[in-house]
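Below is the file final_11.txt, which contains compact mmCIF, N, CA and C atoms.
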```
# COMPACT_ATOMS: atom_id res chain seq x y z
N MET A 1 105.89 97.69 104.85
CA MET A 1 106.68 98.87 105.04
C MET A 1 106.47 99.39 106.45
N SER A 2 107.46 99.92 107.05
CA SER A 2 107.40 100.39 108.42
C SER A 2 106.60 101.69 108.52
N ASP A 3 106.09 101.97 109.73
CA ASP A 3 105.36 103.21 109.96
C ASP A 3 106.29 104.42 109.95
N ILE A 4 107.59 104.19 110.10
CA ILE A 4 108.55 105.29 110.15
C ILE A 4 108.75 105.89 108.77
N PHE A 5 108.82 105.07 107.76
CA PHE A 5 109.12 105.53 106.41
C PHE A 5 107.83 105.86 105.66
N VAL A 6 107.78 107.06 105.12
CA VAL A 6 106.62 107.51 104.37
C VAL A 6 107.11 107.96 103.00
N ARG A 7 106.43 107.52 101.96
CA ARG A 7 106.79 107.90 100.60
C ARG A 7 106.13 109.25 100.28
N VAL A 8 106.94 110.22 99.89
CA VAL A 8 106.44 111.55 99.61
C VAL A 8 106.64 111.87 98.14
N LYS A 9 105.57 112.28 97.47
CA LYS A 9 105.63 112.74 96.09
C LYS A 9 105.44 114.25 96.10
N SER A 10 106.07 114.94 95.18
CA SER A 10 105.91 116.39 95.07
C SER A 10 105.29 116.73 93.73
N ILE A 11 104.31 117.62 93.76
CA ILE A 11 103.72 118.14 92.53
C ILE A 11 103.50 119.64 92.72
N THR A 12 103.32 120.34 91.64
CA THR A 12 103.04 121.76 91.73
C THR A 12 101.54 121.99 91.75
N LYS A 13 101.17 123.20 92.16
CA LYS A 13 99.76 123.56 92.19
C LYS A 13 99.15 123.50 90.79
N ARG A 14 99.93 123.85 89.80
CA ARG A 14 99.47 123.83 88.42
C ARG A 14 99.17 122.40 87.96
N GLU A 15 100.08 121.46 88.30
CA GLU A 15 99.85 120.05 87.94
C GLU A 15 98.58 119.54 88.60
N LEU A 16 98.36 119.92 89.85
CA LEU A 16 97.17 119.47 90.57
C LEU A 16 95.90 120.03 89.96
N SER A 17 95.92 121.30 89.57
CA SER A 17 94.72 121.89 88.98
C SER A 17 94.42 121.29 87.61
N ARG A 18 95.44 120.89 86.88
CA ARG A 18 95.22 120.28 85.57
C ARG A 18 94.86 118.80 85.66
N ASN A 19 95.32 118.14 86.71
CA ASN A 19 95.06 116.71 86.85
C ASN A 19 94.75 116.39 88.33
N PRO A 20 93.53 116.69 88.79
CA PRO A 20 93.19 116.44 90.20
C PRO A 20 93.12 114.95 90.56
N ALA A 21 93.09 114.09 89.56
CA ALA A 21 93.05 112.64 89.82
C ALA A 21 94.33 112.14 90.47
N LYS A 22 95.38 112.95 90.46
CA LYS A 22 96.63 112.54 91.10
C LYS A 22 96.44 112.31 92.59
N LEU A 23 95.52 113.04 93.21
CA LEU A 23 95.26 112.84 94.63
C LEU A 23 94.56 111.51 94.89
N SER A 24 93.69 111.11 94.00
CA SER A 24 92.97 109.85 94.21
C SER A 24 93.87 108.64 93.99
N SER A 25 95.02 108.84 93.35
CA SER A 25 95.92 107.72 93.11
C SER A 25 96.85 107.44 94.28
N LEU A 26 96.75 108.24 95.34
CA LEU A 26 97.59 108.00 96.52
C LEU A 26 97.23 106.67 97.16
N LYS A 27 98.23 105.93 97.54
CA LYS A 27 98.02 104.67 98.24
C LYS A 27 98.03 104.95 99.75
N PRO A 28 97.43 104.07 100.55
CA PRO A 28 97.42 104.29 102.00
C PRO A 28 98.84 104.45 102.54
N GLY A 29 99.05 105.51 103.30
CA GLY A 29 100.36 105.79 103.89
C GLY A 29 101.22 106.71 103.05
N GLU A 30 100.80 107.02 101.83
CA GLU A 30 101.57 107.92 100.97
C GLU A 30 101.22 109.37 101.26
N THR A 31 102.19 110.24 101.02
CA THR A 31 102.02 111.67 101.23
C THR A 31 102.36 112.38 99.94
N ILE A 32 101.65 113.47 99.67
CA ILE A 32 101.95 114.28 98.50
C ILE A 32 102.16 115.72 98.97
N ALA A 33 103.23 116.34 98.50
CA ALA A 33 103.55 117.72 98.86
C ALA A 33 103.24 118.60 97.66
N ILE A 34 102.40 119.60 97.89
CA ILE A 34 102.02 120.53 96.82
C ILE A 34 102.83 121.81 97.03
N ALA A 35 103.74 122.08 96.10
CA ALA A 35 104.62 123.24 96.23
C ALA A 35 103.84 124.53 96.02
N ASP A 36 104.19 125.54 96.83
CA ASP A 36 103.52 126.84 96.76
C ASP A 36 104.49 127.89 97.30
N LEU A 37 104.30 129.13 96.90
CA LEU A 37 105.18 130.20 97.38
C LEU A 37 105.00 130.45 98.88
N ARG A 38 103.82 130.16 99.40
CA ARG A 38 103.54 130.39 100.82
C ARG A 38 103.80 129.17 101.69
N GLY A 39 104.63 128.27 101.25
CA GLY A 39 104.98 127.11 102.07
C GLY A 39 104.40 125.80 101.57
N GLY A 40 103.31 125.85 100.87
CA GLY A 40 102.75 124.64 100.29
C GLY A 40 101.77 123.93 101.19
N LEU A 41 101.39 122.75 100.73
CA LEU A 41 100.39 121.95 101.40
C LEU A 41 100.84 120.49 101.33
N THR A 42 100.65 119.77 102.42
CA THR A 42 101.01 118.37 102.46
C THR A 42 99.75 117.56 102.73
N LEU A 43 99.45 116.61 101.85
CA LEU A 43 98.28 115.74 102.01
C LEU A 43 98.74 114.31 102.20
N THR A 44 98.12 113.61 103.14
CA THR A 44 98.48 112.23 103.43
C THR A 44 97.22 111.38 103.43
N ARG A 45 97.27 110.24 102.76
CA ARG A 45 96.16 109.28 102.83
C ARG A 45 96.46 108.36 104.01
N SER A 46 95.51 108.24 104.91
CA SER A 46 95.75 107.46 106.11
C SER A 46 95.93 105.98 105.77
N LYS A 47 96.68 105.31 106.64
CA LYS A 47 96.93 103.88 106.44
C LYS A 47 95.73 103.08 106.87
N ARG A 48 95.55 101.95 106.23
CA ARG A 48 94.47 101.05 106.63
C ARG A 48 94.86 100.36 107.92
N VAL A 49 93.89 100.25 108.80
CA VAL A 49 94.15 99.63 110.09
C VAL A 49 93.72 98.17 110.02
N SER A 50 94.63 97.27 110.37
CA SER A 50 94.30 95.85 110.42
C SER A 50 94.05 95.47 111.87
N LEU A 51 92.87 94.97 112.14
CA LEU A 51 92.52 94.58 113.50
C LEU A 51 92.87 93.12 113.74
N THR A 52 93.31 92.84 114.95
CA THR A 52 93.57 91.46 115.34
C THR A 52 92.24 90.81 115.74
N ALA A 53 92.25 89.51 115.89
CA ALA A 53 91.04 88.79 116.29
C ALA A 53 90.57 89.27 117.66
N ASP A 54 91.49 89.53 118.58
CA ASP A 54 91.12 90.01 119.91
C ASP A 54 90.48 91.39 119.85
N GLN A 55 90.99 92.26 118.98
CA GLN A 55 90.42 93.60 118.84
C GLN A 55 89.02 93.52 118.23
N ILE A 56 88.82 92.64 117.27
CA ILE A 56 87.50 92.47 116.66
C ILE A 56 86.50 91.95 117.70
N GLU A 57 86.93 90.96 118.49
CA GLU A 57 86.06 90.41 119.54
C GLU A 57 85.71 91.48 120.58
N ALA A 58 86.69 92.30 120.96
CA ALA A 58 86.42 93.38 121.93
C ALA A 58 85.43 94.39 121.36
N GLU A 59 85.54 94.70 120.07
CA GLU A 59 84.61 95.63 119.43
C GLU A 59 83.20 95.05 119.38
N ILE A 60 83.08 93.76 119.09
CA ILE A 60 81.77 93.10 119.07
C ILE A 60 81.14 93.14 120.45
N GLN A 61 81.94 92.84 121.47
CA GLN A 61 81.43 92.86 122.85
C GLN A 61 80.99 94.26 123.25
N ARG A 62 81.74 95.29 122.81
CA ARG A 62 81.40 96.67 123.14
C ARG A 62 80.08 97.06 122.47
N ILE A 63 79.90 96.68 121.21
CA ILE A 63 78.69 97.01 120.47
C ILE A 63 77.47 96.29 121.06
N CYS A 64 77.67 95.04 121.45
CA CYS A 64 76.55 94.22 121.93
C CYS A 64 76.28 94.38 123.43
N ALA A 65 77.06 95.20 124.12
CA ALA A 65 76.85 95.39 125.55
C ALA A 65 75.45 95.96 125.78
N GLY A 66 74.71 95.35 126.72
CA GLY A 66 73.36 95.82 127.02
C GLY A 66 72.28 95.17 126.17
N SER A 67 72.67 94.38 125.19
CA SER A 67 71.68 93.68 124.37
C SER A 67 71.18 92.44 125.11
N PRO A 68 69.93 92.07 124.90
CA PRO A 68 69.45 90.86 125.56
C PRO A 68 70.16 89.63 124.97
N PRO A 69 70.34 88.61 125.78
CA PRO A 69 70.99 87.39 125.27
C PRO A 69 70.14 86.75 124.17
N LEU A 70 70.80 86.10 123.25
CA LEU A 70 70.13 85.50 122.10
C LEU A 70 70.38 84.00 122.11
N ASP A 71 69.32 83.22 122.02
CA ASP A 71 69.44 81.77 121.96
C ASP A 71 69.33 81.35 120.49
N SER A 72 70.41 80.83 119.95
CA SER A 72 70.43 80.48 118.53
C SER A 72 69.52 79.31 118.20
N ARG A 73 69.21 78.49 119.20
CA ARG A 73 68.32 77.34 118.94
C ARG A 73 66.92 77.80 118.58
N THR A 74 66.47 78.90 119.19
CA THR A 74 65.12 79.39 118.86
C THR A 74 65.08 79.90 117.42
N LEU A 75 66.18 80.43 116.94
CA LEU A 75 66.23 80.87 115.55
C LEU A 75 66.15 79.68 114.61
N GLN A 76 66.83 78.60 114.95
CA GLN A 76 66.77 77.40 114.11
C GLN A 76 65.36 76.81 114.12
N GLU A 77 64.69 76.84 115.25
CA GLU A 77 63.34 76.29 115.33
C GLU A 77 62.36 77.11 114.49
N ASP A 78 62.59 78.42 114.42
CA ASP A 78 61.72 79.29 113.62
C ASP A 78 61.82 78.97 112.13
N GLU A 79 62.99 78.50 111.68
CA GLU A 79 63.18 78.19 110.26
C GLU A 79 62.47 76.92 109.86
N ASP A 80 62.27 75.99 110.79
CA ASP A 80 61.63 74.69 110.46
C ASP A 80 60.17 74.81 110.20
```
Re-express the file's structure as structure tokens.
Amino acid sequence: MSDIFVRVKSITKRELSRNPAKLSSLKPGETIAIADLRGGLTLTRSKRVSLTADQIEAEIQRICAGSPPLDSRTLQEDED
């Protein structure tokens, strides 16, 4: 589904107070509008972010910046 289109459900404050589990049933990217005399409340569950391989590699490099280099052969020798 595109980022432009968002599915909106409407419930009343009374329905929410009687069944609060309705909020936990929201799927990522869904929005729920709670009707109220003062304008109401809109709740949105954020979408899950899918990282590309390049983004994952950049994050690993950022986290490991400043760490001493690691020689994997010494780890193998320790196991023997």
Q: List every protein, DNA or RNA residue with an atom no more than 7 Å from (98.2, 104.1, 104.0) in the file's coordinates, counting only C-alpha atoms, and format the result as a list in words.
A: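 In the file's frame, the residues around the point are Lys27, Pro28, Gly29, Glu30, Arg45, Ser46, Lys47 and Arg48 of chain A.
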Could you write those residues out with N, CA and C atoms, as a PDB file, keeping the file's coordinate frame?
```pdb
ATOM      1  N   LYS A  27      98.230 105.930  97.540  1.00  0.00           N
ATOM      2  CA  LYS A  27      98.020 104.670  98.240  1.00  0.00           C
ATOM      3  C   LYS A  27      98.030 104.950  99.750  1.00  0.00           C
ATOM      4  N   PRO A  28      97.430 104.070 100.550  1.00  0.00           N
ATOM      5  CA  PRO A  28      97.420 104.290 102.000  1.00  0.00           C
ATOM      6  C   PRO A  28      98.840 104.450 102.540  1.00  0.00           C
ATOM      7  N   GLY A  29      99.050 105.510 103.300  1.00  0.00           N
ATOM      8  CA  GLY A  29     100.360 105.790 103.890  1.00  0.00           C
ATOM      9  C   GLY A  29     101.220 106.710 103.050  1.00  0.00           C
ATOM     10  N   GLU A  30     100.800 107.020 101.830  1.00  0.00           N
ATOM     11  CA  GLU A  30     101.570 107.920 100.970  1.00  0.00           C
ATOM     12  C   GLU A  30     101.220 109.370 101.260  1.00  0.00           C
ATOM     13  N   ARG A  45      97.270 110.240 102.760  1.00  0.00           N
ATOM     14  CA  ARG A  45      96.160 109.280 102.830  1.00  0.00           C
ATOM     15  C   ARG A  45      96.460 108.360 104.010  1.00  0.00           C
ATOM     16  N   SER A  46      95.510 108.240 104.910  1.00  0.00           N
ATOM     17  CA  SER A  46      95.750 107.460 106.110  1.00  0.00           C
ATOM     18  C   SER A  46      95.930 105.980 105.770  1.00  0.00           C
ATOM     19  N   LYS A  47      96.680 105.310 106.640  1.00  0.00           N
ATOM     20  CA  LYS A  47      96.930 103.880 106.440  1.00  0.00           C
ATOM     21  C   LYS A  47      95.730 103.080 106.870  1.00  0.00           C
ATOM     22  N   ARG A  48      95.550 101.950 106.230  1.00  0.00           N
ATOM     23  CA  ARG A  48      94.470 101.050 106.630  1.00  0.00           C
ATOM     24  C   ARG A  48      94.860 100.360 107.920  1.00  0.00           C
TER      25      ARG A  48
END
```
(Q) Using all atoms listed in the file and a cutoff of 6 Å, can you tell me which residues are near (100.7, 115.5, 94.8) in the file's coordinates, and write them out as a list in words? (A)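 Residues with an atom close enough to that point: Lys9, Ser10, Ile11, Lys22, Leu23, Ile32, Ala33 and Ile34 of chain A.
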Q. Separation of atom N of A:Pro20 and atom N of A:Val8, in Å?
A.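 Computed distance, atom N of A:Pro20 to atom N of A:Val8, equals 18.6 Å.
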Which centre and edge lengths in Å to one decimal define the box along x, y and z that fits every listed atom of stretch 44-49 of chain A plus 5 Å per side, as JSON?
```
{"center_x": 96.1, "center_y": 105.9, "center_z": 106.4, "size_x": 14.8, "size_y": 25.4, "size_z": 17.3}
```
Q) At what distance in Å, to one decimal, does atom C of A:Leu41 lie from atom CA of A:Leu16? A) 11.4 Å
Q) When you draw a straight line from atom N of A:Ala35 to atom C of A:Lys13, how long is it in Å? A)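 Distance between the two atoms: 7.2 Å.
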Q.
as a VMD selection string, please: every residue in stretch 18-78 of chain A that DSSP puts in helix (DSSP H, G or I).
A. chain A and resid 18 21 to 24 53 to 64 72 to 78
